[in-house]
file entry.txt (compact mmCIF, C-alpha atoms (C1' of nucleotides))
# COMPACT_ATOMS: atom_id res chain seq x y z
CA MET X 1 117.14 96.82 126.05
CA GLU X 2 115.10 98.64 123.45
CA ILE X 3 116.01 96.22 120.72
CA GLU X 4 114.16 93.50 122.58
CA THR X 5 110.95 95.36 121.82
CA LEU X 6 111.67 95.26 118.12
CA ILE X 7 112.54 91.59 118.21
CA MET X 8 109.36 90.78 120.05
CA HIS X 9 107.47 92.77 117.43
CA PHE X 10 108.96 90.73 114.60
CA LYS X 11 108.42 87.49 116.41
CA ALA X 12 104.71 88.17 116.45
CA TYR X 13 104.84 87.71 112.69
CA LEU X 14 107.77 85.38 112.05
CA SER X 15 110.52 83.39 113.71
CA LEU X 16 114.03 84.75 114.05
CA ASN X 17 117.17 82.72 114.51
CA GLU X 18 120.29 83.82 116.37
CA GLU X 19 122.00 85.08 113.24
CA GLU X 20 119.08 87.26 112.27
CA ILE X 21 118.84 88.72 115.74
CA GLN X 22 122.53 89.53 115.58
CA GLU X 23 122.13 91.26 112.25
CA LEU X 24 119.18 93.20 113.54
CA SER X 25 121.07 94.35 116.59
CA SER X 26 124.02 95.51 114.58
CA ARG X 27 122.06 97.22 111.83
CA VAL X 28 119.64 99.42 113.70
CA SER X 29 120.19 102.47 115.82
CA ILE X 30 118.33 103.79 118.80
CA ARG X 31 117.36 107.41 119.22
CA THR X 32 115.81 109.34 122.04
CA ILE X 33 113.45 112.06 120.90
CA LYS X 34 112.15 114.98 122.89
CA ARG X 35 108.60 116.22 122.76
CA ARG X 36 108.10 118.42 119.68
CA GLN X 37 111.24 117.19 118.07
CA PHE X 38 111.03 116.06 114.44
CA LEU X 39 111.95 112.73 112.90
CA LEU X 40 111.21 114.23 109.49
CA SER X 41 110.43 117.68 108.13
CA GLU X 42 109.03 118.84 104.84
CA GLY X 43 111.77 119.10 102.23
CA GLU X 44 113.96 116.41 103.80
CA LYS X 45 114.38 112.96 102.34
CA CYS X 46 112.92 110.24 104.53
CA LYS X 47 115.88 107.97 105.12
CA HIS X 48 114.65 105.63 107.84
CA TYR X 49 111.98 103.26 108.86
CA ASN X 50 111.20 104.26 112.43
CA PHE X 51 109.90 101.80 114.99
CA VAL X 52 108.38 103.41 118.07
CA VAL X 53 109.65 101.77 121.24
CA SER X 54 108.02 104.26 123.58
CA GLY X 55 106.20 107.54 123.22
CA CYS X 56 104.01 108.75 120.42
CA PHE X 57 104.32 110.56 117.08
CA LYS X 58 102.11 112.27 114.60
CA MET X 59 102.73 112.36 110.86
CA TYR X 60 101.08 115.25 109.08
CA LYS X 61 101.12 117.59 106.14
CA ILE X 62 100.95 121.37 106.20
CA ASP X 63 98.80 122.56 103.31
CA PRO X 64 99.40 125.75 101.29
CA ALA X 65 97.05 127.62 103.65
CA GLY X 66 99.26 126.64 106.57
CA LYS X 67 96.92 124.09 108.14
CA GLU X 68 98.05 120.80 109.59
CA HIS X 69 96.39 117.56 108.52
CA ASN X 70 97.22 114.51 110.58
CA LEU X 71 97.72 111.37 108.57
CA LEU X 72 98.36 109.11 111.51
CA PHE X 73 99.51 108.69 115.08
CA ALA X 74 102.15 106.09 115.85
CA CYS X 75 102.67 104.76 119.37
CA GLU X 76 104.51 101.86 120.95
CA ASN X 77 105.22 98.97 118.57
CA GLU X 78 104.23 100.82 115.44
CA TRP X 79 106.19 101.90 112.39
CA VAL X 80 106.16 105.45 111.16
CA THR X 81 107.74 106.55 107.89
CA ASP X 82 106.95 108.52 104.78
CA ILE X 83 107.01 105.52 102.50
CA GLY X 84 106.69 107.68 99.41
CA SER X 85 109.80 109.72 100.11
CA PHE X 86 111.63 106.66 101.41
CA HIS X 87 111.11 104.88 98.10
CA THR X 88 111.56 107.67 95.62
CA GLU X 89 114.28 109.39 97.64
CA LYS X 90 112.60 112.66 96.85
CA PRO X 91 111.99 115.38 99.43
CA SER X 92 109.07 114.63 101.69
CA GLU X 93 105.99 116.81 102.03
CA LEU X 94 105.31 115.46 105.49
CA TYR X 95 106.36 116.02 109.06
CA ILE X 96 106.88 113.37 111.70
CA GLU X 97 106.88 114.96 115.14
CA ALA X 98 107.05 113.56 118.66
CA ILE X 99 103.92 114.25 120.70
CA GLU X 100 105.63 112.82 123.80
CA PRO X 101 109.22 112.14 124.80
CA SER X 102 109.93 109.03 122.79
CA THR X 103 112.40 106.34 121.86
CA VAL X 104 112.63 104.95 118.35
CA ILE X 105 114.65 102.33 116.55
CA GLN X 106 115.78 103.43 113.11
CA ILE X 107 116.64 101.31 110.12
CA LYS X 108 118.38 102.90 107.18
CA LYS X 109 117.32 102.06 103.66
CA GLU X 110 120.47 100.11 102.84
CA ASP X 111 120.00 97.99 105.95
CA LEU X 112 116.35 97.36 105.25
CA LEU X 113 117.34 96.28 101.75
CA PHE X 114 119.93 94.01 103.30
CA PHE X 115 117.22 92.27 105.26
CA TYR X 116 114.94 92.07 102.25
CA MET X 117 117.74 90.53 100.18
CA ASN X 118 119.03 88.05 102.72
CA TYR X 119 115.93 87.19 104.70
CA PRO X 120 112.85 87.27 102.51
CA LYS X 121 110.67 86.79 105.55
CA PHE X 122 111.02 90.52 106.13
CA ASP X 123 109.36 91.18 102.81
CA ARG X 124 106.43 89.19 104.05
CA ASN X 125 106.41 90.88 107.43
CA PHE X 126 106.20 94.35 105.95
CA ARG X 127 103.78 93.24 103.26
CA VAL X 128 101.34 92.01 105.89
CA ILE X 129 101.74 95.12 108.03
CA ILE X 130 101.12 97.47 105.18
CA GLU X 131 98.21 95.46 103.85
CA ASP X 132 96.52 95.97 107.20
CA LYS X 133 97.33 99.67 107.18
CA PHE X 134 96.01 99.90 103.65
CA VAL X 135 92.65 98.46 104.66
CA GLU X 136 92.50 100.90 107.58
CA LEU X 137 93.20 103.79 105.25
CA GLN X 138 90.58 102.67 102.75
CA ASN X 139 87.99 102.57 105.48
CA ARG X 140 89.01 105.98 106.67
CA LEU X 141 88.60 107.42 103.19
CA LEU X 142 85.21 105.79 102.79
CA GLN X 143 84.19 107.24 106.11
CA THR X 144 85.18 110.77 105.20
CA PHE X 145 83.01 110.39 102.09
CA SER X 146 79.97 108.88 103.74
CA SER X 147 79.83 110.02 107.37
CA THR X 148 79.32 113.29 109.22
CA ALA X 149 82.00 114.76 111.44
CA GLU X 150 80.14 113.55 114.51
CA GLU X 151 80.09 109.97 113.26
CA ARG X 152 83.78 110.12 112.46
CA TYR X 153 84.54 111.43 115.92
CA LEU X 154 82.56 108.67 117.61
CA SER X 155 84.25 106.12 115.45
CA PHE X 156 87.64 107.55 116.37
CA LEU X 157 86.80 107.22 120.07
CA ASP X 158 85.73 103.68 119.41
CA GLN X 159 88.81 102.73 117.41
CA TYR X 160 91.54 104.50 119.38
CA PRO X 161 90.38 104.80 123.00
CA HIS X 162 93.97 104.52 124.23
CA LEU X 163 94.92 107.67 122.33
CA LEU X 164 92.33 109.82 124.06
CA GLN X 165 94.33 110.53 127.17
CA ARG X 166 97.43 111.22 125.17
CA LEU X 167 96.09 113.68 122.61
CA PRO X 168 94.62 117.17 122.79
CA ASN X 169 91.33 117.51 120.92
CA THR X 170 93.02 119.76 118.40
CA GLN X 171 94.98 116.77 117.14
CA ILE X 172 91.93 114.55 116.91
CA ALA X 173 90.09 117.24 114.96
CA SER X 174 92.95 117.40 112.49
CA TYR X 175 92.93 113.60 112.15
CA ILE X 176 89.25 113.36 111.33
CA GLY X 177 89.48 116.36 109.03
CA ILE X 178 87.59 119.13 110.84
CA THR X 179 88.43 122.32 112.75
CA PRO X 180 88.97 122.32 116.53
CA GLU X 181 86.04 124.73 116.89
CA PHE X 182 83.67 122.38 115.19
CA LEU X 183 84.89 119.42 117.23
CA SER X 184 84.19 121.43 120.35
CA ARG X 185 80.61 121.96 119.22
CA ILE X 186 80.23 118.27 118.48
CA ARG X 187 81.46 117.36 121.95
CA LYS X 188 79.09 119.84 123.51
CA GLU X 189 76.18 118.38 121.58
CA LEU X 190 77.18 114.83 122.55
CA SER X 191 77.46 115.67 126.25
CA ARG X 192 73.97 117.16 126.11
CA LYS X 193 72.65 113.65 125.45
CA MET N 1 97.14 84.10 75.65
CA GLU N 2 95.87 86.09 78.59
CA ILE N 3 98.38 84.59 80.95
CA GLU N 4 101.16 86.22 78.98
CA THR N 5 99.86 89.57 80.20
CA LEU N 6 100.21 88.47 83.81
CA ILE N 7 103.69 87.11 83.24
CA MET N 8 104.78 90.34 81.63
CA HIS N 9 103.35 92.19 84.60
CA PHE N 10 105.39 90.16 87.06
CA LYS N 11 108.51 90.43 84.94
CA ALA N 12 108.39 94.19 85.31
CA TYR N 13 109.16 93.59 89.00
CA LEU N 14 111.07 90.31 89.14
CA SER N 15 112.48 87.51 87.01
CA LEU N 16 110.57 84.28 86.51
CA ASN N 17 112.06 80.94 85.54
CA GLU N 18 110.33 78.23 83.55
CA GLU N 19 109.12 76.40 86.65
CA GLU N 20 107.50 79.47 88.09
CA ILE N 21 105.79 80.26 84.83
CA GLN N 22 104.46 76.72 84.73
CA GLU N 23 103.12 77.02 88.27
CA LEU N 24 101.52 80.32 87.45
CA SER N 25 99.82 78.94 84.39
CA SER N 26 98.43 75.98 86.25
CA ARG N 27 97.28 77.88 89.33
CA VAL N 28 95.32 80.77 87.93
CA SER N 29 92.03 80.86 86.10
CA ILE N 30 90.74 83.17 83.43
CA ARG N 31 87.28 84.67 83.48
CA THR N 32 85.36 86.75 81.03
CA ILE N 33 83.14 89.35 82.66
CA LYS N 34 80.28 91.26 81.10
CA ARG N 35 79.61 94.92 81.67
CA ARG N 36 77.77 95.43 84.98
CA GLN N 37 78.67 91.99 86.18
CA PHE N 38 80.15 91.66 89.66
CA LEU N 39 83.43 90.14 90.77
CA LEU N 40 82.38 90.72 94.36
CA SER N 41 79.21 91.84 96.14
CA GLU N 42 78.57 93.06 99.64
CA GLY N 43 78.13 90.14 102.02
CA GLU N 44 80.32 87.76 100.01
CA LYS N 45 83.79 86.72 101.05
CA CYS N 46 86.49 87.98 98.73
CA LYS N 47 88.22 84.79 97.64
CA HIS N 48 90.47 85.96 94.81
CA TYR N 49 93.12 88.36 93.79
CA ASN N 50 91.93 89.63 90.41
CA PHE N 51 94.32 90.80 87.74
CA VAL N 52 92.68 92.83 84.98
CA VAL N 53 93.81 91.67 81.55
CA SER N 54 91.38 93.86 79.64
CA GLY N 55 88.46 96.08 80.49
CA CYS N 56 87.86 98.12 83.60
CA PHE N 57 86.33 97.73 87.06
CA LYS N 58 85.19 99.93 89.89
CA MET N 59 85.36 98.95 93.55
CA TYR N 60 82.91 100.81 95.74
CA LYS N 61 80.85 100.79 98.89
CA ILE N 62 77.16 101.53 99.23
CA ASP N 63 76.58 103.52 102.40
CA PRO N 64 73.54 103.20 104.67
CA ALA N 65 71.84 106.01 102.74
CA GLY N 66 72.21 103.99 99.56
CA LYS N 67 74.91 106.08 97.95
CA GLU N 68 77.85 104.65 96.07
CA HIS N 69 81.40 105.70 96.94
CA ASN N 70 84.10 104.66 94.50
CA LEU N 71 87.30 103.50 96.13
CA LEU N 72 89.16 102.85 92.92
CA PHE N 73 89.08 102.03 89.25
CA ALA N 74 91.17 99.13 87.98
CA CYS N 75 92.08 98.78 84.32
CA GLU N 76 94.52 96.72 82.30
CA ASN N 77 97.49 95.38 84.30
CA GLU N 78 96.09 96.31 87.68
CA TRP N 79 95.00 94.21 90.64
CA VAL N 80 91.61 94.62 92.23
CA THR N 81 90.60 92.90 95.45
CA ASP N 82 89.04 93.63 98.81
CA ILE N 83 92.19 92.90 100.75
CA GLY N 84 90.40 93.22 104.08
CA SER N 85 87.87 90.53 103.33
CA PHE N 86 90.48 88.42 101.56
CA HIS N 87 92.62 88.33 104.71
CA THR N 88 90.03 88.06 107.43
CA GLU N 89 87.74 85.83 105.34
CA LYS N 90 84.83 87.86 106.61
CA PRO N 91 82.02 89.11 104.38
CA SER N 92 83.00 92.11 102.31
CA GLU N 93 81.29 95.48 102.47
CA LEU N 94 82.41 96.31 98.96
CA TYR N 95 81.37 95.72 95.39
CA ILE N 96 83.68 95.09 92.46
CA GLU N 97 81.79 95.66 89.23
CA ALA N 98 82.82 95.64 85.58
CA ILE N 99 82.43 99.01 83.88
CA GLU N 100 83.30 97.46 80.53
CA PRO N 101 83.34 93.93 79.15
CA SER N 102 86.47 92.57 80.77
CA THR N 103 88.83 89.67 81.19
CA VAL N 104 90.49 88.89 84.51
CA ILE N 105 92.94 86.37 85.85
CA GLN N 106 91.98 85.08 89.26
CA ILE N 107 94.23 83.62 91.93
CA LYS N 108 92.66 81.83 94.85
CA LYS N 109 93.98 82.41 98.34
CA GLU N 110 95.51 78.94 98.67
CA ASP N 111 97.36 79.43 95.41
CA LEU N 112 98.59 82.86 96.36
CA LEU N 113 99.83 81.38 99.62
CA PHE N 114 101.53 78.66 97.62
CA PHE N 115 103.47 81.29 95.72
CA TYR N 116 104.30 83.21 98.89
CA MET N 117 105.60 80.01 100.53
CA ASN N 118 107.60 78.67 97.64
CA TYR N 119 108.73 81.79 95.87
CA PRO N 120 109.32 84.62 98.31
CA LYS N 121 109.82 87.02 95.44
CA PHE N 122 106.05 87.23 95.23
CA ASP N 123 105.96 88.64 98.74
CA ARG N 124 108.26 91.35 97.55
CA ASN N 125 106.29 91.96 94.39
CA PHE N 126 103.04 92.49 96.23
CA ARG N 127 104.73 94.46 99.00
CA VAL N 128 106.07 96.93 96.48
CA ILE N 129 102.77 97.21 94.64
CA ILE N 130 100.78 97.86 97.77
CA GLU N 131 103.31 100.30 99.14
CA ASP N 132 102.78 102.37 96.02
CA LYS N 133 99.02 102.09 96.34
CA PHE N 134 99.30 103.09 99.98
CA VAL N 135 101.13 106.28 99.12
CA GLU N 136 98.50 107.06 96.50
CA LEU N 137 95.75 106.54 99.02
CA GLN N 138 97.46 108.72 101.62
CA ASN N 139 97.73 111.53 99.12
CA ARG N 140 94.11 111.13 98.19
CA LEU N 141 93.06 111.39 101.82
CA LEU N 142 95.21 114.45 102.34
CA GLN N 143 93.65 115.99 99.28
CA THR N 144 90.09 115.46 100.47
CA PHE N 145 91.07 117.22 103.69
CA SER N 146 92.87 120.14 102.16
CA SER N 147 91.46 120.80 98.69
CA THR N 148 88.19 121.96 97.22
CA ALA N 149 86.09 119.78 94.94
CA GLU N 150 87.29 121.71 91.91
CA GLU N 151 90.94 121.12 92.81
CA ARG N 152 90.30 117.43 93.32
CA TYR N 153 88.59 117.21 89.95
CA LEU N 154 91.44 118.93 88.16
CA SER N 155 93.90 116.70 89.88
CA PHE N 156 91.89 113.65 88.84
CA LEU N 157 92.00 114.79 85.22
CA ASP N 158 95.70 115.26 85.59
CA GLN N 159 96.36 111.91 87.22
CA TYR N 160 94.02 109.67 85.24
CA PRO N 161 93.59 111.21 81.78
CA HIS N 162 93.21 107.75 80.23
CA LEU N 163 90.13 107.08 82.35
CA LEU N 164 88.25 110.11 81.07
CA GLN N 165 86.96 108.55 77.88
CA ARG N 166 85.97 105.39 79.70
CA LEU N 167 83.98 106.80 82.60
CA PRO N 168 80.75 108.77 82.90
CA ASN N 169 81.08 111.88 85.05
CA THR N 170 78.87 110.29 87.66
CA GLN N 171 81.62 107.81 88.43
CA ILE N 172 84.27 110.48 88.67
CA ALA N 173 82.09 112.47 91.04
CA SER N 174 81.75 109.44 93.28
CA TYR N 175 85.51 108.88 93.21
CA ILE N 176 86.38 112.39 94.31
CA GLY N 177 83.61 112.39 96.89
CA ILE N 178 81.03 114.82 95.53
CA THR N 179 77.59 114.64 93.93
CA PRO N 180 77.12 114.45 90.14
CA GLU N 181 75.17 117.72 90.27
CA PHE N 182 78.02 119.55 91.86
CA LEU N 183 80.54 118.13 89.42
CA SER N 184 78.35 119.39 86.61
CA ARG N 185 78.49 122.89 88.09
CA ILE N 186 82.25 122.66 88.44
CA ARG N 187 82.63 121.64 84.82
CA LYS N 188 80.40 124.47 83.70
CA GLU N 189 82.45 126.93 85.68
CA LEU N 190 85.71 125.55 84.28
CA SER N 191 84.52 125.73 80.68
CA ARG N 192 83.57 129.35 81.23
CA LYS N 193 87.29 130.07 81.66
C1' DC E 1 59.75 102.22 70.85
C1' DG E 2 60.22 102.99 75.78
C1' DC E 3 62.90 102.78 79.80
C1' DG E 4 66.73 103.82 82.52
C1' DA E 5 71.26 106.09 82.98
C1' DC E 6 73.20 110.46 82.29
C1' DG E 7 73.94 115.48 82.40
C1' DT E 8 72.20 119.92 83.47
C1' DT E 9 69.95 123.73 85.90
C1' DG E 10 67.39 126.21 89.61
C1' DA E 11 65.91 126.95 94.40
C1' DT E 12 66.77 125.92 98.91
C1' DT E 13 69.13 123.98 102.87
C1' DT E 14 72.90 122.55 105.74
C1' DG E 15 77.24 121.02 107.61
C1' DC E 16 81.14 122.94 108.52
C1' DC E 17 84.44 126.90 108.30
C1' DT E 18 86.11 131.59 109.45
C1' DC E 19 87.12 135.11 112.43
C1' DA E 20 87.16 137.00 116.82
C1' DA E 21 87.12 136.97 121.65
C1' DC E 22 87.82 135.03 126.23
C1' DG E 23 89.08 132.00 130.30
C1' DA E 24 91.62 127.96 131.73
C1' DT E 25 95.54 125.23 131.55
C1' DT E 26 100.15 124.10 130.57
C1' DG E 27 104.82 124.91 130.26
C1' DT E 28 108.91 127.53 130.40
C1' DG E 29 112.59 130.79 131.19
C1' DG E 30 114.42 134.02 134.45
C1' DC Q 1 108.98 129.37 142.22
C1' DC Q 2 106.71 132.81 140.04
C1' DA Q 3 105.36 135.39 135.77
C1' DC Q 4 104.43 135.47 131.36
C1' DA Q 5 103.68 133.17 126.99
C1' DA Q 6 101.78 129.70 124.37
C1' DT Q 7 98.46 126.23 123.69
C1' DC Q 8 93.99 124.67 124.39
C1' DG Q 9 88.95 124.55 124.72
C1' DT Q 10 84.81 127.09 124.19
C1' DT Q 11 81.30 130.21 122.37
C1' DG Q 12 79.03 133.55 119.15
C1' DA Q 13 78.03 135.68 114.61
C1' DG Q 14 78.28 135.28 109.99
C1' DG Q 15 79.57 133.08 105.53
C1' DC Q 16 80.38 129.65 102.04
C1' DA Q 17 81.03 125.14 99.74
C1' DA Q 18 78.57 121.50 98.71
C1' DA Q 19 74.26 118.67 99.38
C1' DT Q 20 69.44 118.08 98.56
C1' DC Q 21 65.34 117.93 95.95
C1' DA Q 22 62.99 118.50 91.85
C1' DA Q 23 62.42 119.06 87.04
C1' DC Q 24 63.68 118.36 82.33
C1' DG Q 25 66.13 117.05 77.86
C1' DT Q 26 69.23 113.70 75.78
C1' DC Q 27 71.06 109.54 74.62
C1' DG Q 28 72.04 104.61 74.31
C1' DC Q 29 70.25 100.19 74.70
C1' DG Q 30 67.30 96.07 75.18
call {"tool": "encode", "arguments": {"input": "entry.txt", "output": "structure tokens"}}
result
Amino acid sequence: MEIETLIMHFKAYLSLNEEEIQELSSRVSIRTIKRRQFLLSEGEKCKHYNFVVSGCFKMYKIDPAGKEHNLLFACENEWVTDIGSFHTEKPSELYIEAIEPSTVIQIKKEDLLFFYMNYPKFDRNFRVIIEDKFVELQNRLLQTFSSTAEERYLSFLDQYPHLLQRLPNTQIASYIGITPEFLSRIRKELSRK
Amino acid sequence: MEIETLIMHFKAYLSLNEEEIQELSSRVSIRTIKRRQFLLSEGEKCKHYNFVVSGCFKMYKIDPAGKEHNLLFACENEWVTDIGSFHTEKPSELYIEAIEPSTVIQIKKEDLLFFYMNYPKFDRNFRVIIEDKFVELQNRLLQTFSSTAEERYLSFLDQYPHLLQRLPNTQIASYIGITPEFLSRIRKELSRK
DNA sequence: CGCGACGTTGATTTGCCTCAACGATTGTGG
DNA sequence: CCACAATCGTTGAGGCAAATCAACGTCGCG
């Protein structure tokens, strides 16, 4: 069952007893998502934490000029949510879209709060996860300030080799903050070496 | 006393009983920092969470070309730490430097863990804080992808008006990811309007 | 006083974008 | 299963935002 995946994920961080597993099972829901289907669109409130059981998503913003900017990709065993909208309960400015046919486990805010209230270990679990993500994001920002597009591309290849087969170059370009055309030129230059 | 500031800070998020206040008082230390003095230098392990009681710090990286890139400024009632190095206990790549004469409260890792273990509310407190910081950082990254330098500068003015009097333009330029020369041109252009 | 940080300005360069065009590939509806 | 559309990758020409390098005046500070 899909929920097993989630339980295994938590158990990597903390121990769960039978009661907690029961609560988990009864308080999450499983959704199957088609390619190009949205978990969240601009203007909607983000009402769930989404845990990716299988497949892959991108979370991105569309700027006033109509261009997409990828904030992150989320594959198996990762969480994807617009934390800002989830907290403030204001409309999101982001999209979360399936890149592949996917399965996710969703937790509603009230249920997440239930876990926070009754089992503080979940606070810790999500604190640790987001601290790691925060460090990643800091490094990414530093890199966009201090490195060329080519360096960022190479570092992307290095950091996310498993994503390469699953993503068109267009999406990678958007993630590292350049145009597809320019990425193409970078790749050409690299292959010349 | 300085510790009062920290207690007030926590009380904005959670309630503290007498015992917890006692533990806090006995497990933190207070340091006075001169202008241009470092809380952390590249190559050192980051061993403390630092809470700014008074004054102001910048956390930045020096890239291979020798240029500084400001990750953040931390003033009164904010935390400043290289979370990555703090967790992994590997040498940091960052500097934390006082911009003004400052006072900080430091918590060592073992003491922070003590609070996490014995009073889970601290997990929640720091989870919430970092979730907010994470959202901020995401927006900043999106902005560097989708906005011009002038827009980022205006948005900085908008978001951190209280920092303006305390920072030279050089530091702002580094924060928004441009050179001081170019910021000067932007400001000239803006004043022309 | 003198030195180093700061702000400014000019001339030049460059990394990356824009727009446009084209073939190859993928996917989709009839 | 084919035909057509949409997405994708590539290439060229030209343009622009921002960096670089250099010079100079000001100010605060030790």
call {"tool": "atom_distance", "arguments": {"input": "entry.txt", "atom1": "atom CA of Pro168 of chain N", "atom2": "atom CA of Lys61 of chain N"}}
result
17.9 Å
call {"tool": "atom_distance", "arguments": {"input": "entry.txt", "atom1": "atom CA of Lys109 of chain X", "atom2": "atom CA of Ile33 of chain X"}}
result
20.3 Å
call {"tool": "residues_around", "arguments": {"input": "entry.txt", "residues": "segment 137-148 of chain N", "least_positions_apart": "6", "cutoff": "12 Å", "atoms": "all atoms listed in the file", "output": "PyMOL selection string"}}
result
(chain X and resi 59-72+82-84+93-94+133-145+173-179) or (chain N and resi 71-72+130-131+154-156+159+175-178+182-183+186) or (chain Q and resi 16-18)
call {"tool": "write_last_selection", "arguments": {"input": "entry.txt", "atoms": "C-alpha atoms (C1' of nucleotides)", "output": "JSON list (two decimals), in the coordinates of the input"}}
result
[["chain", "number", "residue", "atom", "x", "y", "z"],
["X", 59, "MET", "CA", 102.73, 112.36, 110.86],
["X", 60, "TYR", "CA", 101.08, 115.25, 109.08],
["X", 61, "LYS", "CA", 101.12, 117.59, 106.14],
["X", 62, "ILE", "CA", 100.95, 121.37, 106.20],
["X", 63, "ASP", "CA", 98.80, 122.56, 103.31],
["X", 64, "PRO", "CA", 99.40, 125.75, 101.29],
["X", 65, "ALA", "CA", 97.05, 127.62, 103.65],
["X", 66, "GLY", "CA", 99.26, 126.64, 106.57],
["X", 67, "LYS", "CA", 96.92, 124.09, 108.14],
["X", 68, "GLU", "CA", 98.05, 120.80, 109.59],
["X", 69, "HIS", "CA", 96.39, 117.56, 108.52],
["X", 70, "ASN", "CA", 97.22, 114.51, 110.58],
["X", 71, "LEU", "CA", 97.72, 111.37, 108.57],
["X", 72, "LEU", "CA", 98.36, 109.11, 111.51],
["X", 82, "ASP", "CA", 106.95, 108.52, 104.78],
["X", 83, "ILE", "CA", 107.01, 105.52, 102.50],
["X", 84, "GLY", "CA", 106.69, 107.68, 99.41],
["X", 93, "GLU", "CA", 105.99, 116.81, 102.03],
["X", 94, "LEU", "CA", 105.31, 115.46, 105.49],
["X", 133, "LYS", "CA", 97.33, 99.67, 107.18],
["X", 134, "PHE", "CA", 96.01, 99.90, 103.65],
["X", 135, "VAL", "CA", 92.65, 98.46, 104.66],
["X", 136, "GLU", "CA", 92.50, 100.90, 107.58],
["X", 137, "LEU", "CA", 93.20, 103.79, 105.25],
["X", 138, "GLN", "CA", 90.58, 102.67, 102.75],
["X", 139, "ASN", "CA", 87.99, 102.57, 105.48],
["X", 140, "ARG", "CA", 89.01, 105.98, 106.67],
["X", 141, "LEU", "CA", 88.60, 107.42, 103.19],
["X", 142, "LEU", "CA", 85.21, 105.79, 102.79],
["X", 143, "GLN", "CA", 84.19, 107.24, 106.11],
["X", 144, "THR", "CA", 85.18, 110.77, 105.20],
["X", 145, "PHE", "CA", 83.01, 110.39, 102.09],
["X", 173, "ALA", "CA", 90.09, 117.24, 114.96],
["X", 174, "SER", "CA", 92.95, 117.40, 112.49],
["X", 175, "TYR", "CA", 92.93, 113.60, 112.15],
["X", 176, "ILE", "CA", 89.25, 113.36, 111.33],
["X", 177, "GLY", "CA", 89.48, 116.36, 109.03],
["X", 178, "ILE", "CA", 87.59, 119.13, 110.84],
["X", 179, "THR", "CA", 88.43, 122.32, 112.75],
["N", 71, "LEU", "CA", 87.30, 103.50, 96.13],
["N", 72, "LEU", "CA", 89.16, 102.85, 92.92],
["N", 130, "ILE", "CA", 100.78, 97.86, 97.77],
["N", 131, "GLU", "CA", 103.31, 100.30, 99.14],
["N", 154, "LEU", "CA", 91.44, 118.93, 88.16],
["N", 155, "SER", "CA", 93.90, 116.70, 89.88],
["N", 156, "PHE", "CA", 91.89, 113.65, 88.84],
["N", 159, "GLN", "CA", 96.36, 111.91, 87.22],
["N", 175, "TYR", "CA", 85.51, 108.88, 93.21],
["N", 176, "ILE", "CA", 86.38, 112.39, 94.31],
["N", 177, "GLY", "CA", 83.61, 112.39, 96.89],
["N", 178, "ILE", "CA", 81.03, 114.82, 95.53],
["N", 182, "PHE", "CA", 78.02, 119.55, 91.86],
["N", 183, "LEU", "CA", 80.54, 118.13, 89.42],
["N", 186, "ILE", "CA", 82.25, 122.66, 88.44],
["Q", 16, "DC", "C1'", 80.38, 129.65, 102.04],
["Q", 17, "DA", "C1'", 81.03, 125.14, 99.74],
["Q", 18, "DA", "C1'", 78.57, 121.50, 98.71]]
call {"tool": "closest_residue", "arguments": {"input": "entry.txt", "among": "X:Glu189, X:Glu42, X:Glu97, X:Glu181", "to": "DC8 of chain Q", "atoms": "only C-alpha atoms (C1' of nucleotides)"}}
result
X:Glu181
call {"tool": "atom_distance", "arguments": {"input": "entry.txt", "atom1": "atom CA of Lys90 of chain N", "atom2": "atom CA of Lys45 of chain N"}}
result
5.8 Å
call {"tool": "closest_residue", "arguments": {"input": "entry.txt", "among": "N:Arg27, N:Ile129, N:Asp158, N:Ser41", "to": "Pro91 of chain N", "atoms": "all atoms listed in the file"}}
result
N:Ser41
call {"tool": "residues_around", "arguments": {"input": "entry.txt", "residues": "segment 22-28 of chain E", "least_positions_apart": "3", "cutoff": "12 Å", "atoms": "only C-alpha atoms (C1' of nucleotides)", "output": "PyMOL selection string"}}
result
(chain X and resi 168) or (chain Q and resi 1-12)
call {"tool": "closest_residue", "arguments": {"input": "entry.txt", "among": "Q:DC24, Q:DC29, Q:DA19, Q:DA13", "to": "chain N", "atoms": "all atoms listed in the file"}}
result
Q:DA19
call {"tool": "residues_around", "arguments": {"input": "entry.txt", "residues": "Leu112 of chain X", "least_positions_apart": "2", "cutoff": "9 Å", "atoms": "all atoms listed in the file", "output": "MDAnalysis selection string"}}
result
chainID X and resid 27 48:49 107:110 114:117 122
call {"tool": "closest_atom_pairs", "arguments": {"input": "entry.txt", "of": "chain E", "to": "chain X", "cutoff": "12 Å", "atoms": "all atoms listed in the file", "output": "JSON lines"}}
result
{"residue": "E:DT14", "atom": "C1'", "partner": "X:Thr148", "partner_atom": "CA", "distance": 11.8}
{"residue": "E:DG15", "atom": "C1'", "partner": "X:Thr148", "partner_atom": "CA", "distance": 8.2}
{"residue": "E:DC16", "atom": "C1'", "partner": "X:Phe182", "partner_atom": "CA", "distance": 7.2}
{"residue": "E:DC17", "atom": "C1'", "partner": "X:Thr179", "partner_atom": "CA", "distance": 7.5}
{"residue": "E:DT18", "atom": "C1'", "partner": "X:Thr179", "partner_atom": "CA", "distance": 10.1}
{"residue": "E:DC19", "atom": "C1'", "partner": "X:Glu181", "partner_atom": "CA", "distance": 11.3}
{"residue": "E:DT25", "atom": "C1'", "partner": "X:Pro168", "partner_atom": "CA", "distance": 11.9}
{"residue": "E:DT26", "atom": "C1'", "partner": "X:Pro168", "partner_atom": "CA", "distance": 11.8}
